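**Student:** As input, take model-v4.csv (CSV, N, CA and C atoms):
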```csv
chain,number,residue,atom,x,y,z
A,52,MET,N,-10.8,4.2,26.3
A,52,MET,CA,-10.6,3.4,27.5
A,52,MET,C,-11.7,3.7,28.5
A,53,PHE,N,-12.1,2.6,29.2
A,53,PHE,CA,-13.2,2.7,30.2
A,53,PHE,C,-12.8,1.8,31.4
A,54,LYS,N,-13.2,2.3,32.5
A,54,LYS,CA,-13.0,1.5,33.8
A,54,LYS,C,-14.1,1.9,34.7
A,55,ALA,N,-14.7,0.8,35.3
A,55,ALA,CA,-15.7,1.0,36.3
A,55,ALA,C,-15.8,-0.2,37.2
A,56,GLU,N,-16.4,0.0,38.4
A,56,GLU,CA,-16.6,-1.0,39.3
A,56,GLU,C,-18.1,-1.1,39.5
A,57,ILE,N,-18.6,-2.4,39.5
A,57,ILE,CA,-20.0,-2.6,39.8
A,57,ILE,C,-20.1,-3.4,41.1
A,58,SER,N,-20.7,-2.7,42.1
A,58,SER,CA,-20.7,-3.3,43.4
A,58,SER,C,-22.0,-4.1,43.6
A,59,SER,N,-23.1,-3.7,42.9
A,59,SER,CA,-24.3,-4.5,43.0
A,59,SER,C,-25.0,-4.4,41.6
A,60,LEU,N,-25.9,-5.4,41.4
A,60,LEU,CA,-26.7,-5.4,40.1
A,60,LEU,C,-27.5,-4.1,39.9
A,61,SER,N,-27.8,-3.4,41.0
A,61,SER,CA,-28.6,-2.2,40.8
A,61,SER,C,-27.8,-1.1,40.0
A,62,GLU,N,-26.5,-1.3,40.0
A,62,GLU,CA,-25.6,-0.3,39.3
A,62,GLU,C,-25.3,-0.7,37.8
A,63,ILE,N,-25.7,-1.9,37.4
A,63,ILE,CA,-25.2,-2.4,36.1
A,63,ILE,C,-25.7,-1.6,34.9
A,64,ASN,N,-26.9,-1.2,35.0
A,64,ASN,CA,-27.5,-0.4,33.8
A,64,ASN,C,-26.8,0.9,33.6
A,65,LYS,N,-26.5,1.6,34.7
A,65,LYS,CA,-25.9,2.9,34.7
A,65,LYS,C,-24.5,2.7,34.1
A,66,VAL,N,-23.8,1.7,34.6
A,66,VAL,CA,-22.4,1.4,34.0
A,66,VAL,C,-22.5,1.0,32.6
A,67,ALA,N,-23.5,0.3,32.2
A,67,ALA,CA,-23.6,-0.1,30.7
A,67,ALA,C,-23.8,1.2,29.9
A,68,GLU,N,-24.6,2.1,30.4
A,68,GLU,CA,-24.9,3.4,29.7
A,68,GLU,C,-23.5,4.1,29.5
A,69,LYS,N,-22.8,4.2,30.6
A,69,LYS,CA,-21.5,4.9,30.5
A,69,LYS,C,-20.5,4.2,29.6
A,70,PHE,N,-20.6,2.9,29.6
A,70,PHE,CA,-19.7,2.1,28.7
A,70,PHE,C,-20.0,2.5,27.2
A,71,ILE,N,-21.3,2.4,26.9
A,71,ILE,CA,-21.6,2.7,25.5
A,71,ILE,C,-21.2,4.2,25.1
A,72,GLU,N,-21.4,5.1,26.1
A,72,GLU,CA,-21.0,6.5,25.8
A,72,GLU,C,-19.5,6.6,25.6
A,73,ALA,N,-18.8,5.8,26.3
A,73,ALA,CA,-17.3,5.8,26.2
A,73,ALA,C,-16.8,5.3,24.9
A,74,HIS,N,-17.6,4.5,24.2
A,74,HIS,CA,-17.2,3.9,22.9
A,74,HIS,C,-18.2,4.3,21.8
A,75,PRO,N,-18.4,5.6,21.5
A,75,PRO,CA,-19.4,6.0,20.6
A,75,PRO,C,-19.3,5.4,19.2
A,76,ALA,N,-18.1,5.2,18.7
A,76,ALA,CA,-17.9,4.7,17.3
A,76,ALA,C,-17.5,3.2,17.3
A,77,ASP,N,-17.3,2.6,18.4
A,77,ASP,CA,-16.9,1.2,18.4
A,77,ASP,C,-18.1,0.3,18.3
A,78,ARG,N,-17.9,-0.9,17.6
A,78,ARG,CA,-19.0,-1.8,17.4
A,78,ARG,C,-18.6,-3.3,17.7
A,79,PHE,N,-17.3,-3.5,17.9
A,79,PHE,CA,-16.9,-4.9,18.1
A,79,PHE,C,-16.2,-5.0,19.4
A,80,PHE,N,-16.8,-5.8,20.3
A,80,PHE,CA,-16.3,-5.9,21.7
A,80,PHE,C,-16.1,-7.4,22.1
A,81,ALA,N,-14.9,-7.7,22.6
A,81,ALA,CA,-14.5,-9.0,23.0
A,81,ALA,C,-14.4,-9.0,24.5
A,82,PHE,N,-15.2,-9.9,25.2
A,82,PHE,CA,-15.3,-9.9,26.6
A,82,PHE,C,-14.5,-11.1,27.2
A,83,TYR,N,-13.5,-10.7,28.0
A,83,TYR,CA,-12.6,-11.6,28.7
A,83,TYR,C,-12.9,-11.7,30.2
A,84,GLY,N,-13.0,-12.9,30.7
A,84,GLY,CA,-13.2,-13.1,32.1
A,84,GLY,C,-13.5,-14.6,32.4
A,85,LYS,N,-13.3,-14.9,33.7
A,85,LYS,CA,-13.5,-16.3,34.1
A,85,LYS,C,-14.9,-16.7,34.0
A,86,MET,N,-15.2,-18.0,34.0
A,86,MET,CA,-16.6,-18.5,34.1
A,86,MET,C,-17.2,-17.8,35.3
A,87,GLY,N,-18.4,-17.3,35.1
A,87,GLY,CA,-19.2,-16.7,36.2
A,87,GLY,C,-18.8,-15.3,36.6
A,88,SER,N,-17.9,-14.7,35.8
A,88,SER,CA,-17.4,-13.3,36.1
A,88,SER,C,-18.5,-12.2,35.8
A,89,GLY,N,-19.5,-12.6,35.0
A,89,GLY,CA,-20.5,-11.6,34.7
A,89,GLY,C,-20.5,-11.1,33.2
A,90,LYS,N,-19.9,-11.8,32.3
A,90,LYS,CA,-19.8,-11.4,30.9
A,90,LYS,C,-21.2,-11.3,30.3
A,91,THR,N,-22.0,-12.4,30.5
A,91,THR,CA,-23.4,-12.4,29.9
A,91,THR,C,-24.2,-11.4,30.6
A,92,THR,N,-24.1,-11.3,31.9
A,92,THR,CA,-24.9,-10.3,32.6
A,92,THR,C,-24.7,-8.9,32.1
A,93,PHE,N,-23.4,-8.5,31.9
A,93,PHE,CA,-23.1,-7.2,31.5
A,93,PHE,C,-23.5,-7.0,30.0
A,94,ILE,N,-23.4,-8.0,29.2
A,94,ILE,CA,-23.9,-7.9,27.8
A,94,ILE,C,-25.4,-7.7,27.8
A,95,LYS,N,-26.1,-8.4,28.7
A,95,LYS,CA,-27.6,-8.1,28.8
A,95,LYS,C,-27.9,-6.7,29.1
A,96,ALA,N,-27.1,-6.1,30.0
A,96,ALA,CA,-27.3,-4.7,30.4
A,96,ALA,C,-27.0,-3.8,29.2
A,97,LEU,N,-25.9,-4.1,28.4
A,97,LEU,CA,-25.6,-3.3,27.2
A,97,LEU,C,-26.7,-3.4,26.2
A,98,CYS,N,-27.3,-4.6,26.0
A,98,CYS,CA,-28.4,-4.8,25.1
A,98,CYS,C,-29.6,-4.0,25.5
A,99,GLU,N,-29.9,-3.9,26.8
A,99,GLU,CA,-31.0,-3.1,27.3
A,99,GLU,C,-30.7,-1.7,27.0
A,100,THR,N,-29.5,-1.2,27.3
A,100,THR,CA,-29.1,0.2,27.0
A,100,THR,C,-29.3,0.5,25.5
A,101,LEU,N,-29.1,-0.5,24.6
A,101,LEU,CA,-29.2,-0.3,23.2
A,101,LEU,C,-30.6,-0.6,22.7
A,102,GLN,N,-31.5,-0.8,23.6
A,102,GLN,CA,-33.0,-1.0,23.3
A,102,GLN,C,-33.3,-2.2,22.5
A,103,VAL,N,-32.7,-3.3,23.0
A,103,VAL,CA,-33.0,-4.6,22.4
A,103,VAL,C,-34.4,-5.0,22.8
A,104,THR,N,-35.2,-5.5,21.8
A,104,THR,CA,-36.6,-5.9,22.1
A,104,THR,C,-36.7,-7.4,22.4
A,105,ASP,N,-35.7,-8.2,22.1
A,105,ASP,CA,-35.7,-9.6,22.3
A,105,ASP,C,-35.2,-9.9,23.7
A,106,TYR,N,-35.4,-11.2,24.1
A,106,TYR,CA,-34.9,-11.7,25.4
A,106,TYR,C,-33.4,-12.1,25.1
A,107,VAL,N,-32.6,-11.6,26.0
A,107,VAL,CA,-31.1,-11.8,25.8
A,107,VAL,C,-30.7,-12.9,26.7
A,108,THR,N,-30.1,-13.9,26.0
A,108,THR,CA,-29.5,-15.1,26.7
A,108,THR,C,-28.1,-15.4,26.1
A,109,SER,N,-27.4,-16.3,26.9
A,109,SER,CA,-26.1,-16.7,26.4
A,109,SER,C,-26.3,-17.7,25.2
A,110,PRO,N,-25.6,-17.4,24.1
A,110,PRO,CA,-25.7,-18.3,22.9
A,110,PRO,C,-24.7,-19.5,23.0
A,111,THR,N,-24.5,-20.1,24.2
A,111,THR,CA,-23.5,-21.1,24.4
A,111,THR,C,-23.6,-22.2,23.4
A,112,PHE,N,-24.8,-22.7,23.2
A,112,PHE,CA,-25.0,-23.9,22.3
A,112,PHE,C,-25.2,-23.5,20.8
A,113,ALA,N,-25.8,-22.3,20.6
A,113,ALA,CA,-26.0,-21.8,19.2
A,113,ALA,C,-24.9,-21.1,18.6
A,114,LEU,N,-23.9,-20.7,19.4
A,114,LEU,CA,-22.8,-19.8,19.0
A,114,LEU,C,-23.1,-18.4,18.8
A,115,ILE,N,-24.3,-18.1,18.3
A,115,ILE,CA,-24.7,-16.7,18.0
A,115,ILE,C,-26.2,-16.5,18.3
A,116,ASN,N,-26.5,-15.4,18.9
A,116,ASN,CA,-27.9,-14.9,19.0
A,116,ASN,C,-27.9,-13.6,18.3
A,117,VAL,N,-29.0,-13.4,17.6
A,117,VAL,CA,-29.2,-12.1,16.9
A,117,VAL,C,-30.4,-11.5,17.6
A,118,TYR,N,-30.2,-10.2,18.0
A,118,TYR,CA,-31.2,-9.5,18.7
A,118,TYR,C,-31.7,-8.3,17.9
A,119,GLU,N,-32.9,-8.0,17.9
A,119,GLU,CA,-33.5,-6.9,17.2
A,119,GLU,C,-33.6,-5.7,18.2
A,120,THR,N,-33.4,-4.5,17.7
A,120,THR,CA,-33.5,-3.3,18.6
A,120,THR,C,-34.8,-2.5,18.2
A,121,GLU,N,-35.2,-1.6,19.0
A,121,GLU,CA,-36.3,-0.8,18.7
A,121,GLU,C,-36.2,0.0,17.5
A,122,GLN,N,-34.9,0.3,17.0
A,122,GLN,CA,-34.6,1.0,15.8
A,122,GLN,C,-34.5,0.1,14.6
A,123,SER,N,-35.0,-1.2,14.7
A,123,SER,CA,-34.9,-2.2,13.7
A,123,SER,C,-33.5,-2.5,13.2
A,124,SER,N,-32.6,-2.4,14.1
A,124,SER,CA,-31.2,-2.8,13.8
A,124,SER,C,-31.0,-4.1,14.5
A,125,GLU,N,-29.8,-4.7,14.2
A,125,GLU,CA,-29.5,-6.0,14.8
A,125,GLU,C,-28.2,-5.9,15.7
A,126,ILE,N,-28.2,-6.7,16.7
A,126,ILE,CA,-27.0,-6.8,17.6
A,126,ILE,C,-26.6,-8.3,17.6
A,127,TYR,N,-25.4,-8.6,17.4
A,127,TYR,CA,-24.9,-10.0,17.4
A,127,TYR,C,-24.2,-10.3,18.7
A,128,HIS,N,-24.6,-11.4,19.3
A,128,HIS,CA,-24.0,-11.9,20.6
A,128,HIS,C,-23.4,-13.3,20.4
A,129,PHE,N,-22.1,-13.4,20.5
A,129,PHE,CA,-21.5,-14.7,20.3
A,129,PHE,C,-20.9,-15.3,21.6
A,130,ASP,N,-20.9,-16.6,21.7
A,130,ASP,CA,-20.3,-17.3,22.8
A,130,ASP,C,-19.5,-18.5,22.2
A,131,PHE,N,-18.2,-18.4,22.3
A,131,PHE,CA,-17.3,-19.4,21.7
A,131,PHE,C,-16.8,-20.4,22.7
A,132,TYR,N,-17.4,-20.5,23.9
A,132,TYR,CA,-16.9,-21.4,24.9
A,132,TYR,C,-16.8,-22.8,24.4
A,133,ARG,N,-17.7,-23.3,23.6
A,133,ARG,CA,-17.8,-24.7,23.2
A,133,ARG,C,-17.1,-24.9,21.8
A,134,ILE,N,-16.5,-23.9,21.2
A,134,ILE,CA,-16.0,-24.0,19.9
A,134,ILE,C,-14.8,-25.0,19.9
A,135,LYS,N,-14.7,-25.8,19.0
A,135,LYS,CA,-13.6,-26.8,18.9
A,135,LYS,C,-12.6,-26.5,17.8
A,136,SER,N,-13.0,-25.7,16.8
A,136,SER,CA,-12.1,-25.4,15.7
A,136,SER,C,-12.5,-24.1,15.1
A,137,LEU,N,-11.5,-23.3,14.6
A,137,LEU,CA,-11.8,-22.1,13.9
A,137,LEU,C,-12.7,-22.4,12.6
A,138,ASN,N,-12.6,-23.6,12.1
A,138,ASN,CA,-13.5,-23.9,11.0
A,138,ASN,C,-15.0,-23.7,11.3
A,139,GLU,N,-15.3,-23.9,12.5
A,139,GLU,CA,-16.7,-23.6,12.9
A,139,GLU,C,-17.2,-22.2,12.6
A,140,LEU,N,-16.2,-21.3,12.7
A,140,LEU,CA,-16.5,-19.9,12.4
A,140,LEU,C,-16.6,-19.6,10.9
A,141,PHE,N,-15.8,-20.3,10.2
A,141,PHE,CA,-15.9,-20.2,8.7
A,141,PHE,C,-17.3,-20.8,8.2
A,142,ASP,N,-17.7,-21.9,8.8
A,142,ASP,CA,-19.0,-22.5,8.5
A,142,ASP,C,-20.1,-21.6,8.9
A,143,LEU,N,-19.9,-20.8,9.9
A,143,LEU,CA,-21.0,-19.9,10.4
A,143,LEU,C,-21.0,-18.6,9.5
A,144,GLY,N,-20.0,-18.4,8.7
A,144,GLY,CA,-19.9,-17.2,7.9
A,144,GLY,C,-19.7,-16.0,8.8
A,145,TYR,N,-18.7,-16.1,9.7
A,145,TYR,CA,-18.4,-15.1,10.7
A,145,TYR,C,-18.1,-13.7,10.1
A,146,GLU,N,-17.5,-13.6,8.9
A,146,GLU,CA,-17.2,-12.3,8.3
A,146,GLU,C,-18.4,-11.4,8.2
A,147,GLU,N,-19.5,-12.0,7.8
A,147,GLU,CA,-20.7,-11.3,7.6
A,147,GLU,C,-21.2,-10.6,8.9
A,148,TYR,N,-20.9,-11.2,10.0
A,148,TYR,CA,-21.3,-10.6,11.3
A,148,TYR,C,-20.1,-9.7,11.8
A,149,PHE,N,-18.9,-10.2,11.8
A,149,PHE,CA,-17.8,-9.4,12.4
A,149,PHE,C,-17.5,-8.1,11.7
A,150,PHE,N,-17.8,-8.0,10.4
A,150,PHE,CA,-17.5,-6.8,9.6
A,150,PHE,C,-18.8,-6.1,9.1
A,151,SER,N,-19.8,-6.2,9.9
A,151,SER,CA,-21.1,-5.7,9.5
A,151,SER,C,-21.3,-4.2,10.0
A,152,ASP,N,-20.5,-3.7,10.8
A,152,ASP,CA,-20.7,-2.4,11.4
A,152,ASP,C,-21.9,-2.3,12.4
A,153,LYS,N,-22.4,-3.5,12.8
A,153,LYS,CA,-23.4,-3.6,13.8
A,153,LYS,C,-22.7,-4.0,15.1
A,154,TYR,N,-23.4,-3.8,16.2
A,154,TYR,CA,-22.8,-4.2,17.5
A,154,TYR,C,-22.6,-5.7,17.5
A,155,CYS,N,-21.3,-6.1,17.9
A,155,CYS,CA,-21.0,-7.5,18.1
A,155,CYS,C,-20.4,-7.6,19.5
A,156,PHE,N,-21.0,-8.5,20.3
A,156,PHE,CA,-20.5,-8.8,21.6
A,156,PHE,C,-20.0,-10.3,21.7
A,157,VAL,N,-18.7,-10.5,22.0
A,157,VAL,CA,-18.2,-11.8,21.9
A,157,VAL,C,-17.7,-12.3,23.2
A,158,GLU,N,-18.2,-13.4,23.7
A,158,GLU,CA,-17.7,-14.1,24.9
A,158,GLU,C,-16.7,-15.2,24.5
A,159,TRP,N,-15.7,-15.4,25.3
A,159,TRP,CA,-14.7,-16.3,25.1
A,159,TRP,C,-13.9,-16.1,23.8
A,160,PRO,N,-13.5,-14.8,23.6
A,160,PRO,CA,-12.8,-14.5,22.3
A,160,PRO,C,-11.4,-15.1,22.3
A,161,GLU,N,-10.8,-15.5,23.4
A,161,GLU,CA,-9.5,-16.1,23.4
A,161,GLU,C,-9.4,-17.3,22.6
A,162,LEU,N,-10.5,-18.0,22.3
A,162,LEU,CA,-10.6,-19.2,21.5
A,162,LEU,C,-10.6,-18.9,20.0
A,163,ILE,N,-10.7,-17.6,19.6
A,163,ILE,CA,-10.8,-17.3,18.2
A,163,ILE,C,-9.9,-16.1,17.9
A,164,GLU,N,-8.9,-15.8,18.7
A,164,GLU,CA,-8.1,-14.6,18.6
A,164,GLU,C,-7.6,-14.3,17.2
A,165,PRO,N,-7.2,-15.3,16.4
A,165,PRO,CA,-6.6,-14.9,15.1
A,165,PRO,C,-7.7,-14.3,14.2
A,166,LEU,N,-9.0,-14.5,14.5
A,166,LEU,CA,-10.0,-14.0,13.6
A,166,LEU,C,-10.6,-12.7,14.1
A,167,LEU,N,-10.2,-12.2,15.2
A,167,LEU,CA,-10.8,-10.9,15.7
A,167,LEU,C,-10.4,-9.7,14.8
A,168,PRO,N,-11.3,-8.9,14.5
A,168,PRO,CA,-11.0,-7.7,13.7
A,168,PRO,C,-10.0,-6.8,14.4
A,169,PRO,N,-9.3,-6.0,13.6
A,169,PRO,CA,-8.3,-5.1,14.2
A,169,PRO,C,-8.9,-4.0,15.1
A,170,ASN,N,-10.1,-3.7,14.9
A,170,ASN,CA,-10.8,-2.6,15.7
A,170,ASN,C,-11.5,-3.2,16.9
A,171,THR,N,-11.1,-4.4,17.4
A,171,THR,CA,-11.8,-5.0,18.5
A,171,THR,C,-11.5,-4.3,19.8
A,172,VAL,N,-12.5,-4.0,20.6
A,172,VAL,CA,-12.4,-3.4,21.9
A,172,VAL,C,-12.3,-4.6,22.9
A,173,LYS,N,-11.2,-4.7,23.6
A,173,LYS,CA,-11.1,-5.8,24.5
A,173,LYS,C,-11.6,-5.4,25.9
A,174,VAL,N,-12.5,-6.1,26.4
A,174,VAL,CA,-13.2,-5.8,27.7
A,174,VAL,C,-12.8,-6.9,28.7
A,175,THR,N,-12.3,-6.5,29.8
A,175,THR,CA,-12.0,-7.5,30.8
A,175,THR,C,-12.9,-7.3,32.0
A,176,ILE,N,-13.5,-8.4,32.5
A,176,ILE,CA,-14.3,-8.4,33.7
A,176,ILE,C,-13.7,-9.3,34.7
A,177,ILE,N,-13.4,-8.7,35.9
A,177,ILE,CA,-12.7,-9.4,37.0
A,177,ILE,C,-13.6,-9.3,38.2
A,178,GLU,N,-13.8,-10.4,38.9
A,178,GLU,CA,-14.5,-10.5,40.2
A,178,GLU,C,-13.5,-10.1,41.3
A,179,THR,N,-13.8,-9.2,42.1
A,179,THR,CA,-12.9,-8.8,43.2
A,179,THR,C,-13.1,-9.7,44.4
A,180,ALA,N,-12.2,-9.6,45.3
A,180,ALA,CA,-12.3,-10.4,46.6
A,180,ALA,C,-13.6,-10.1,47.3
A,181,HIS,N,-14.2,-8.9,47.2
A,181,HIS,CA,-15.4,-8.6,48.0
A,181,HIS,C,-16.7,-8.8,47.1
A,182,GLY,N,-16.5,-9.4,45.9
A,182,GLY,CA,-17.7,-9.7,45.1
A,182,GLY,C,-18.1,-8.7,44.1
A,183,SER,N,-17.5,-7.6,44.0
A,183,SER,CA,-17.9,-6.6,43.0
A,183,SER,C,-17.2,-7.0,41.7
A,184,ARG,N,-17.5,-6.3,40.6
A,184,ARG,CA,-16.9,-6.6,39.3
A,184,ARG,C,-16.2,-5.4,38.8
A,185,MET,N,-15.0,-5.5,38.3
A,185,MET,CA,-14.2,-4.5,37.7
A,185,MET,C,-14.4,-4.7,36.2
A,186,ILE,N,-14.8,-3.7,35.5
A,186,ILE,CA,-14.9,-3.7,34.0
A,186,ILE,C,-13.9,-2.7,33.4
A,187,GLU,N,-13.1,-3.2,32.5
A,187,GLU,CA,-12.1,-2.3,31.9
A,187,GLU,C,-12.0,-2.6,30.4
A,188,SER,N,-11.9,-1.6,29.6
A,188,SER,CA,-11.7,-1.8,28.2
A,188,SER,C,-10.5,-1.0,27.7
A,189,ASN,N,-10.0,-1.4,26.6
A,189,ASN,CA,-8.8,-0.7,26.0
A,189,ASN,C,-9.3,0.5,25.2
```
What does this structure look like when you write it as structure tokens?
**Tutor:**
Amino acid sequence: MFKAEISSLSEINKVAEKFIEAHPADRFFAFYGKMGSGKTTFIKALCETLQVTDYVTSPTFALINVYETEQSSEIYHFDFYRIKSLNELFDLGYEEYFFSDKYCFVEWPELIEPLLPPNTVKVTIIETAHGSRMIESN
């Protein structure tokens, strides 16, 4: 379990480091939050912490971005906001990614809940009334 508040973007990388430290064996993360809550921004910080060498962007139209790390490993970043059917995941060959033991970061997982692996870490990001972000994982 992890819980932190990010009051400004200058804190995000430190929180990302602590988040990764709090989940040493976990690899599959589902990010829940409203549009604009900061899911992609926090995933970018996580990727930086994990030493991704590629430019990190939201895969809204591609469904998946694959990033390379300095250790020649891959990280998978999914965005299912525009998904219309679970069949799209079958066409994508989602099992190869979801069960790879590599880091998987999923935005809009509520649209694919039945296919989430049992070991999924659910991460909630909430924007507070004063503009900070609360990040909490199970």
**Student:** Which of chain A counts as helix (DSSP H, G or I) under DSSP, as a ChimeraX atom specification please?
**Tutor:** /A:60-73,90-100,138-143,145-149,160-162,164-166
**Student:** Counting all atoms listed in the file, which of A:Asp152, A:Lys69, A:Arg78, A:Ser88 gets nearest to Ile176 in chain A?
**Tutor:**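 So, comparing all the options, the nearest one is A:Ser88.
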**Student:** Mind the document's chain letters and residue numbers, and return as JSON, numbers by chain the residues of chain A that DSSP labels strand (DSSP E).
**Tutor:** {"A": [53, 54, 55, 56, 57, 79, 80, 81, 82, 83, 115, 116, 117, 118, 119, 125, 126, 127, 128, 129, 130, 154, 155, 156, 157, 158, 172, 173, 174, 175, 176, 177, 178, 184, 185, 186, 187, 188]}
**Student:** Work out how far CA of Asn116 in chain A is from CA of Glu147 in chain A, in Å to one decimal.
**Tutor:** 14.0 Å
**Student:** How many Å separate CA of Thr179 in chain A from CA of Ser59 in chain A?
**Tutor:**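 Those two atoms sit 12.2 Å apart.
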**Student:** Just want the 8 Å neighbourhood of Phe70 in chain A, counted on all atoms listed in the file, with same-chain residues fewer than 6 positions away dropped. Output as a PDB file with N, CA and C atoms, in the frame of the given file.
**Tutor:**
```
ATOM      1  N   PHE A  53     -12.100   2.600  29.200  1.00  0.00           N
ATOM      2  CA  PHE A  53     -13.200   2.700  30.200  1.00  0.00           C
ATOM      3  C   PHE A  53     -12.800   1.800  31.400  1.00  0.00           C
ATOM      4  N   LYS A  54     -13.200   2.300  32.500  1.00  0.00           N
ATOM      5  CA  LYS A  54     -13.000   1.500  33.800  1.00  0.00           C
ATOM      6  C   LYS A  54     -14.100   1.900  34.700  1.00  0.00           C
ATOM      7  N   ASN A  64     -26.900  -1.200  35.000  1.00  0.00           N
ATOM      8  CA  ASN A  64     -27.500  -0.400  33.800  1.00  0.00           C
ATOM      9  C   ASN A  64     -26.800   0.900  33.600  1.00  0.00           C
TER      10      ASN A  64
END
```
**Student:** Distance atom N of Asn189 in chain A-atom C of Glu72 in chain A, one decimal place?
**Tutor:**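 Separating atom N of Asn189 in chain A from atom C of Glu72 in chain A is a distance of 12.5 Å.
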**Student:** Taking 6 positions as the minimum chain separation for residues in the same chain, which residues sit within 9 Å of Lys90 in chain A when counting only C-alpha atoms? Answer as a list in words.
**Tutor:**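 Contacts, in chain order: Phe82, Tyr83, Gly84, Glu158, Thr175 and Ile176 of chain A.
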**Student:** Could you pull the residues within 7 Å of Glu119 in chain A, counting only C-alpha atoms, minus those fewer than 2 positions along the same chain, as a VMD selection string?
**Tutor:** chain A and resid 103 to 105 117 121 123 to 126
**Student:** Nearest residue to Lys153 in chain A out of A:Gln122, A:Glu139, A:Glu187, A:Asp77, using all atoms listed in the file?
**Tutor:**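 Closest to Lys153 in chain A of all the choices is A:Asp77.
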**Student:** Counting only N, CA and C atoms, figure out which residue out of A:Tyr132, A:Tyr127, A:Tyr118, A:Phe93 gets nearest to Tyr154 in chain A.
**Tutor:** A:Tyr127
**Student:** Please list as a PDB file with N, CA and C atoms, keeping the file's coordinate frame every residue within 12 Å of Lys135 in chain A, counting only C-alpha atoms and excluding residues in the same chain fewer than 4 positions away.
**Tutor:**
```pdb
ATOM      1  N   LEU A 114     -23.900 -20.700  19.400  1.00  0.00           N
ATOM      2  CA  LEU A 114     -22.800 -19.800  19.000  1.00  0.00           C
ATOM      3  C   LEU A 114     -23.100 -18.400  18.800  1.00  0.00           C
ATOM      4  N   PHE A 131     -18.200 -18.400  22.300  1.00  0.00           N
ATOM      5  CA  PHE A 131     -17.300 -19.400  21.700  1.00  0.00           C
ATOM      6  C   PHE A 131     -16.800 -20.400  22.700  1.00  0.00           C
ATOM      7  N   GLU A 139     -15.300 -23.900  12.500  1.00  0.00           N
ATOM      8  CA  GLU A 139     -16.700 -23.600  12.900  1.00  0.00           C
ATOM      9  C   GLU A 139     -17.200 -22.200  12.600  1.00  0.00           C
ATOM     10  N   LEU A 140     -16.200 -21.300  12.700  1.00  0.00           N
ATOM     11  CA  LEU A 140     -16.500 -19.900  12.400  1.00  0.00           C
ATOM     12  C   LEU A 140     -16.600 -19.600  10.900  1.00  0.00           C
ATOM     13  N   LEU A 162     -10.500 -18.000  22.300  1.00  0.00           N
ATOM     14  CA  LEU A 162     -10.600 -19.200  21.500  1.00  0.00           C
ATOM     15  C   LEU A 162     -10.600 -18.900  20.000  1.00  0.00           C
ATOM     16  N   ILE A 163     -10.700 -17.600  19.600  1.00  0.00           N
ATOM     17  CA  ILE A 163     -10.800 -17.300  18.200  1.00  0.00           C
ATOM     18  C   ILE A 163      -9.900 -16.100  17.900  1.00  0.00           C
TER      19      ILE A 163
END
```
**Student:** Pick the closest to Ala96 in chain A from A:Lys65, A:Ile115, A:Pro75, A:Arg133: which is it, counting only N, CA and C atoms?
**Tutor:**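 Once distances to Ala96 in chain A are computed over only N, CA and C atoms, the minimum belongs to A:Lys65.
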